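Chemist: You'll find coords.tsv just under this line, and it carries TSV, N, CA and C atoms and all ligand atoms.
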chain	number	residue	atom	x	y	z
U	117	MET	N	8.93	4.65	-1.16
U	117	MET	CA	7.81	5.34	-0.53
U	117	MET	C	7.06	6.14	-1.59
U	118	ALA	N	5.74	6.08	-1.53
U	118	ALA	CA	4.91	6.81	-2.48
U	118	ALA	C	4.36	8.06	-1.82
U	119	VAL	N	4.76	9.20	-2.34
U	119	VAL	CA	4.21	10.48	-1.90
U	119	VAL	C	3.64	11.11	-3.16
U	120	PHE	N	2.33	10.98	-3.29
U	120	PHE	CA	1.67	11.34	-4.53
U	120	PHE	C	2.12	12.68	-5.07
U	121	PRO	N	2.47	12.79	-6.34
U	121	PRO	CA	2.47	11.77	-7.38
U	121	PRO	C	3.85	11.13	-7.61
U	122	PHE	N	4.68	11.11	-6.59
U	122	PHE	CA	6.05	10.62	-6.75
U	122	PHE	C	6.29	9.30	-6.01
U	123	ILE	N	7.30	8.58	-6.49
U	123	ILE	CA	7.83	7.43	-5.76
U	123	ILE	C	9.23	7.82	-5.35
U	124	LEU	N	9.48	7.81	-4.05
U	124	LEU	CA	10.79	8.19	-3.54
U	124	LEU	C	11.58	6.94	-3.17
U	125	VAL	N	12.83	6.86	-3.63
U	125	VAL	CA	13.69	5.73	-3.30
U	125	VAL	C	14.95	6.25	-2.63
U	126	LYS	N	15.52	5.42	-1.77
U	126	LYS	CA	16.72	5.83	-1.03
U	126	LYS	C	17.95	5.84	-1.92
U	127	LYS	N	18.03	4.85	-2.82
U	127	LYS	CA	19.21	4.72	-3.69
U	127	LYS	C	18.76	4.63	-5.14
U	128	PRO	N	19.53	5.19	-6.07
U	128	PRO	CA	19.17	5.10	-7.50
U	128	PRO	C	18.96	3.67	-7.97
U	129	SER	N	19.72	2.73	-7.42
U	129	SER	CA	19.60	1.33	-7.85
U	129	SER	C	18.20	0.76	-7.57
U	130	MET	N	17.52	1.35	-6.60
U	130	MET	CA	16.18	0.86	-6.23
U	130	MET	C	15.16	1.12	-7.33
U	131	LYS	N	15.48	2.04	-8.24
U	131	LYS	CA	14.56	2.32	-9.35
U	131	LYS	C	14.40	1.12	-10.26
U	132	LYS	N	15.36	0.21	-10.21
U	132	LYS	CA	15.32	-0.99	-11.05
U	132	LYS	C	14.66	-2.17	-10.35
U	133	ASP	N	14.25	-1.98	-9.12
U	133	ASP	CA	13.62	-3.05	-8.35
U	133	ASP	C	12.13	-3.08	-8.72
U	134	SER	N	11.77	-3.96	-9.65
U	134	SER	CA	10.40	-3.96	-10.17
U	134	SER	C	9.36	-4.29	-9.11
U	135	VAL	N	9.73	-5.12	-8.14
U	135	VAL	CA	8.79	-5.47	-7.07
U	135	VAL	C	8.50	-4.23	-6.21
U	136	LEU	N	9.56	-3.52	-5.86
U	136	LEU	CA	9.40	-2.30	-5.06
U	136	LEU	C	8.59	-1.25	-5.84
U	137	ILE	N	8.92	-1.07	-7.09
U	137	ILE	CA	8.22	-0.06	-7.90
U	137	ILE	C	6.75	-0.44	-8.05
U	138	ARG	N	6.47	-1.73	-8.28
U	138	ARG	CA	5.07	-2.17	-8.40
U	138	ARG	C	4.32	-1.91	-7.09
U	139	HIS	N	4.97	-2.21	-5.96
U	139	HIS	CA	4.37	-1.96	-4.64
U	139	HIS	C	3.98	-0.48	-4.51
U	140	GLU	N	4.89	0.38	-4.91
U	140	GLU	CA	4.63	1.82	-4.76
U	140	GLU	C	3.59	2.32	-5.77
U	141	ILE	N	3.57	1.76	-6.95
U	141	ILE	CA	2.54	2.15	-7.93
U	141	ILE	C	1.16	1.74	-7.43
U	142	ILE	N	1.08	0.59	-6.78
U	142	ILE	CA	-0.20	0.18	-6.17
U	142	ILE	C	-0.65	1.26	-5.18
U	143	HIS	N	0.28	1.77	-4.38
U	143	HIS	CA	-0.08	2.84	-3.43
U	143	HIS	C	-0.53	4.11	-4.17
U	144	LEU	N	0.11	4.42	-5.28
U	144	LEU	CA	-0.31	5.61	-6.03
U	144	LEU	C	-1.73	5.42	-6.58
U	145	ARG	N	-2.05	4.22	-7.04
U	145	ARG	CA	-3.41	3.94	-7.52
U	145	ARG	C	-4.41	4.08	-6.37
U	146	GLN	N	-4.05	3.55	-5.22
U	146	GLN	CA	-4.93	3.66	-4.05
U	146	GLN	C	-5.16	5.13	-3.70
U	147	ALA	N	-4.10	5.91	-3.76
U	147	ALA	CA	-4.20	7.33	-3.43
U	147	ALA	C	-5.14	8.06	-4.39
U	148	VAL	N	-5.02	7.78	-5.68
U	148	VAL	CA	-5.90	8.40	-6.67
U	148	VAL	C	-7.35	8.03	-6.40
U	149	GLU	N	-7.59	6.77	-6.09
U	149	GLU	CA	-8.96	6.31	-5.84
U	149	GLU	C	-9.61	7.03	-4.66
U	150	LEU	N	-8.77	7.46	-3.73
U	150	LEU	CA	-9.31	8.14	-2.54
U	150	LEU	C	-9.04	9.65	-2.59
U	151	LEU	N	-8.72	10.15	-3.78
U	151	LEU	CA	-8.48	11.59	-3.99
U	151	LEU	C	-7.33	12.12	-3.12
U	152	VAL	N	-6.35	11.30	-2.95
U	152	VAL	CA	-5.05	11.58	-2.36
U	152	VAL	C	-5.06	11.83	-0.85
U	153	ILE	N	-5.52	13.00	-0.42
U	153	ILE	CA	-5.41	13.34	1.01
U	153	ILE	C	-6.16	12.34	1.89
U	154	PRO	N	-7.42	11.98	1.54
U	154	PRO	CA	-8.11	10.98	2.37
U	154	PRO	C	-7.35	9.64	2.45
U	155	PHE	N	-6.61	9.32	1.39
U	155	PHE	CA	-5.81	8.09	1.42
U	155	PHE	C	-4.82	8.16	2.58
U	156	TYR	N	-4.11	9.26	2.68
U	156	TYR	CA	-3.09	9.37	3.73
U	156	TYR	C	-3.72	9.41	5.12
U	157	ILE	N	-4.91	10.02	5.22
U	157	ILE	CA	-5.61	10.06	6.51
U	157	ILE	C	-6.04	8.64	6.90
U	158	LEU	N	-6.66	7.91	5.94
U	158	LEU	CA	-7.10	6.54	6.22
U	158	LEU	C	-5.92	5.64	6.54
U	159	TYR	N	-4.83	5.85	5.82
U	159	TYR	CA	-3.62	5.06	6.05
U	159	TYR	C	-3.16	5.23	7.51
U	160	LEU	N	-3.11	6.49	7.95
U	160	LEU	CA	-2.66	6.79	9.31
U	160	LEU	C	-3.64	6.27	10.35
U	161	VAL	N	-4.93	6.47	10.12
U	161	VAL	CA	-5.95	5.99	11.06
U	161	VAL	C	-5.88	4.47	11.17
U	162	ASN	N	-5.72	3.81	10.04
U	162	ASN	CA	-5.64	2.35	10.03
U	162	ASN	C	-4.42	1.89	10.83
U	163	TYR	N	-3.30	2.61	10.65
U	163	TYR	CA	-2.10	2.26	11.40
U	163	TYR	C	-2.33	2.43	12.92
U	164	ILE	N	-2.94	3.54	13.31
U	164	ILE	CA	-3.15	3.82	14.74
U	164	ILE	C	-4.05	2.74	15.35
U	165	ILE	N	-5.13	2.39	14.65
U	165	ILE	CA	-6.02	1.33	15.14
U	165	ILE	C	-5.24	0.02	15.29
U	166	ASN	N	-4.45	-0.30	14.26
U	166	ASN	CA	-3.66	-1.53	14.31
U	166	ASN	C	-2.62	-1.50	15.41
U	167	ARG	N	-2.09	-0.32	15.68
U	167	ARG	CA	-1.05	-0.18	16.72
U	167	ARG	C	-1.62	-0.57	18.08
U	168	PHE	N	-2.88	-0.16	18.31
U	168	PHE	CA	-3.54	-0.55	19.57
U	168	PHE	C	-3.87	-2.04	19.56
U	169	LYS	N	-4.31	-2.50	18.39
U	169	LYS	CA	-4.73	-3.90	18.26
U	169	LYS	C	-3.57	-4.86	18.45
U	170	TYR	N	-2.44	-4.57	17.82
U	170	TYR	CA	-1.31	-5.51	17.82
U	170	TYR	C	-0.20	-5.12	18.81
U	171	ASN	N	-0.22	-3.86	19.26
U	171	ASN	CA	0.78	-3.36	20.20
U	171	ASN	C	2.20	-3.61	19.69
U	172	ASN	N	2.37	-3.41	18.38
U	172	ASN	CA	3.65	-3.70	17.75
U	172	ASN	C	3.70	-2.91	16.43
U	173	HIS	N	4.76	-2.14	16.23
U	173	HIS	CA	4.84	-1.29	15.04
U	173	HIS	C	4.79	-2.12	13.75
U	174	HIS	N	5.61	-3.14	13.65
U	174	HIS	CA	5.70	-3.90	12.41
U	174	HIS	C	4.37	-4.58	12.08
U	175	GLN	N	3.76	-5.19	13.06
U	175	GLN	CA	2.47	-5.84	12.83
U	175	GLN	C	1.40	-4.81	12.43
U	176	ALA	N	1.43	-3.67	13.09
U	176	ALA	CA	0.46	-2.62	12.77
U	176	ALA	C	0.64	-2.16	11.33
U	177	TYR	N	1.88	-1.97	10.91
U	177	TYR	CA	2.18	-1.54	9.54
U	177	TYR	C	1.76	-2.61	8.53
U	178	MET	N	2.11	-3.85	8.78
U	178	MET	CA	1.83	-4.92	7.83
U	178	MET	C	0.32	-5.19	7.68
U	179	HIS	N	-0.46	-4.78	8.66
U	179	HIS	CA	-1.90	-5.00	8.59
U	179	HIS	C	-2.68	-3.78	8.10
U	180	ILE	N	-1.99	-2.72	7.73
U	180	ILE	CA	-2.69	-1.59	7.10
U	180	ILE	C	-3.29	-2.12	5.81
U	181	ILE	N	-4.56	-1.87	5.59
U	181	ILE	CA	-5.25	-2.47	4.44
U	181	ILE	C	-4.53	-2.18	3.13
U	182	PHE	N	-3.98	-0.99	2.98
U	182	PHE	CA	-3.30	-0.62	1.74
U	182	PHE	C	-1.98	-1.40	1.58
U	183	GLU	N	-1.33	-1.66	2.69
U	183	GLU	CA	-0.10	-2.46	2.64
U	183	GLU	C	-0.42	-3.92	2.34
U	184	ARG	N	-1.53	-4.38	2.83
U	184	ARG	CA	-1.90	-5.78	2.57
U	184	ARG	C	-2.06	-6.02	1.08
U	185	GLU	N	-2.75	-5.12	0.41
U	185	GLU	CA	-2.88	-5.28	-1.05
U	185	GLU	C	-1.50	-5.16	-1.70
U	186	ALA	N	-0.74	-4.15	-1.34
U	186	ALA	CA	0.54	-3.90	-2.01
U	186	ALA	C	1.51	-5.07	-1.81
U	187	TYR	N	1.61	-5.58	-0.58
U	187	TYR	CA	2.53	-6.70	-0.35
U	187	TYR	C	2.00	-7.99	-0.99
U	188	HIS	N	0.70	-8.16	-0.99
U	188	HIS	CA	0.14	-9.38	-1.56
U	188	HIS	C	0.34	-9.44	-3.07
U	189	GLN	N	0.33	-8.27	-3.72
U	189	GLN	CA	0.36	-8.24	-5.19
U	189	GLN	C	1.66	-7.72	-5.78
U	190	GLU	N	2.63	-7.32	-4.96
U	190	GLU	CA	3.83	-6.69	-5.50
U	190	GLU	C	4.64	-7.59	-6.43
U	191	ARG	N	4.50	-8.90	-6.31
U	191	ARG	CA	5.24	-9.83	-7.19
U	191	ARG	C	4.40	-10.33	-8.35
U	192	ASN	N	3.19	-9.85	-8.43
U	192	ASN	CA	2.27	-10.24	-9.50
U	192	ASN	C	2.52	-9.32	-10.70
U	193	THR	N	3.22	-9.83	-11.71
U	193	THR	CA	3.67	-8.99	-12.83
U	193	THR	C	2.54	-8.47	-13.71
U	194	THR	N	1.36	-9.07	-13.63
U	194	THR	CA	0.24	-8.58	-14.44
U	194	THR	C	-0.77	-7.79	-13.61
U	195	TYR	N	-0.48	-7.63	-12.34
U	195	TYR	CA	-1.48	-7.03	-11.44
U	195	TYR	C	-1.88	-5.61	-11.85
U	196	LEU	N	-0.92	-4.79	-12.22
U	196	LEU	CA	-1.25	-3.40	-12.54
U	196	LEU	C	-2.13	-3.29	-13.79
U	197	GLN	N	-2.04	-4.30	-14.66
U	197	GLN	CA	-2.87	-4.29	-15.87
U	197	GLN	C	-4.27	-4.84	-15.59
U	198	THR	N	-4.41	-5.64	-14.55
U	198	THR	CA	-5.69	-6.31	-14.29
U	198	THR	C	-6.39	-5.81	-13.03
U	199	ARG	N	-5.71	-4.99	-12.26
U	199	ARG	CA	-6.26	-4.52	-10.98
U	199	ARG	C	-7.57	-3.77	-11.18
U	200	ARG	N	-8.55	-4.08	-10.35
U	200	ARG	CA	-9.82	-3.37	-10.38
U	200	ARG	C	-9.76	-2.15	-9.47
U	201	LEU	N	-10.61	-1.18	-9.76
U	201	LEU	CA	-10.69	0.00	-8.90
U	201	LEU	C	-11.05	-0.42	-7.48
U	202	TYR	N	-10.47	0.25	-6.52
U	202	TYR	CA	-10.74	0.00	-5.10
U	202	TYR	C	-10.47	-1.45	-4.70
U	203	ALA	N	-9.50	-2.06	-5.36
U	203	ALA	CA	-9.16	-3.46	-5.07
U	203	ALA	C	-8.75	-3.65	-3.61
U	204	TRP	N	-8.22	-2.61	-2.99
U	204	TRP	CA	-7.79	-2.71	-1.59
U	204	TRP	C	-8.95	-3.07	-0.66
U	205	MET	N	-10.18	-2.76	-1.06
U	205	MET	CA	-11.33	-3.07	-0.20
U	205	MET	C	-11.49	-4.58	0.01
U	206	ARG	N	-11.01	-5.35	-0.95
U	206	ARG	CA	-11.09	-6.81	-0.82
U	206	ARG	C	-10.30	-7.31	0.38
U	207	TYR	N	-9.33	-6.53	0.82
U	207	TYR	CA	-8.45	-6.97	1.90
U	207	TYR	C	-9.02	-6.71	3.29
U	208	PHE	N	-10.20	-6.07	3.35
U	208	PHE	CA	-10.87	-5.88	4.64
U	208	PHE	C	-11.26	-7.23	5.24
U	209	LYS	N	-11.68	-8.15	4.35
U	209	LYS	CA	-12.26	-9.40	4.83
U	209	LYS	C	-11.25	-10.50	5.06
U	210	ARG	N	-10.02	-10.30	4.59
U	210	ARG	CA	-9.03	-11.36	4.74
U	210	ARG	C	-8.59	-11.50	6.19
U	211	GLY	N	-8.21	-12.71	6.53
U	211	GLY	CA	-7.84	-13.01	7.90
U	211	GLY	C	-6.55	-12.38	8.36
U	212	ASN	N	-6.24	-12.57	9.60
U	212	ASN	CA	-5.10	-12.03	10.37
U	212	ASN	C	-4.77	-10.64	9.91
X	301	ZN	ZN	3.70	-0.05	1.13
Output the file's structure in the form of structure tokens.
Modeler:
Amino acid sequence: MAVFPFILVKKPSMKKDSVLIRHEIIHLRQAVELLVIPFYILYLVNYIINRFKYNNHHQAYMHIIFEREAYHQERNTTYLQTRRLYAWMRYFKRGN
């Protein structure tokens, strides 16, 4: 979990999980781009809208725009070096 400026993990071994760490670093980049607090507000608003739309916690979470970018790119080993500013906006237009 990313709580700016930290990444919190449940177990020390998770610090070695490069996919998880990359996912959380993407969230930290998103937070910086939105000056931190607005990121968390938008994240929550997006979740609430999705919760009504999908009527399901997991679906609502997976469709949060910031999660869509993070899950889509978490296995991309060069993503953090090539990511453009506000890259999460590209995920507004993607389907489902
Ligand atoms: Zn995430």
Chemist: Give as a ChimeraX atom specification each residue that has an atom at most 7 Å from (-5.0, 1.8, -0.4) in the file, counting all atoms listed in the file.
Modeler: /U:142-143,145-147,155,181-183,204-205
Chemist: Would you give me, as a PyMOL selection string, the residues in chain U that DSSP reads as helix (DSSP H, G or I)?
Modeler: chain U and resi 128-132+134-149+153-170+173-178+181-189+195-198+203-208
Chemist: Using all atoms listed in the file, can you tell me which of U:Met117, U:Ile123, U:Leu201, U:Ile165 comes closest to Glu149 of chain U?
Modeler: U:Leu201
Chemist: Could you list the protein, DNA and RNA residues that have any atom within 10 Å of ligand ZN 301 (chain X), counting only C-alpha atoms and all ligand atoms, and write them as a PyMOL selection string?
Modeler: chain U and resi 117-118+136+138-144+177-178+180-187+190
Chemist: In Å to one decimal, how far is atom N of Gln189 of chain U from atom N of Asn172 of chain U?
Modeler: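 Taking atom N of Asn172 of chain U as the start and atom N of Gln189 of chain U as the end point, the length is 22.7 Å.
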Chemist: I'd like the interatomic distance between atom CA of Asn166 of chain U and atom CA of Asp133 of chain U, to a tenth of an Å.
Modeler: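 Computing the Euclidean distance for atom CA of Asn166 of chain U and atom CA of Asp133 of chain U yields 28.5 Å.
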Chemist: Output as AutoDock Vina command-line options the centre and edge lengths (Å, one decimal) of the box along x, y and z of the file that holds every listed atom of segment 125-143 of chain U after adding 4 Å on each side.
Modeler:
--center_x 9.5 --center_y 0.7 --center_z -6.0 --size_x 28.4 --size_y 20.3 --size_z 18.0
Chemist: Go ahead and compute the interatomic distance for atom C of His179 of chain U and atom CA of Asn162 of chain U, in Å to one decimal.
Modeler: 7.1 Å
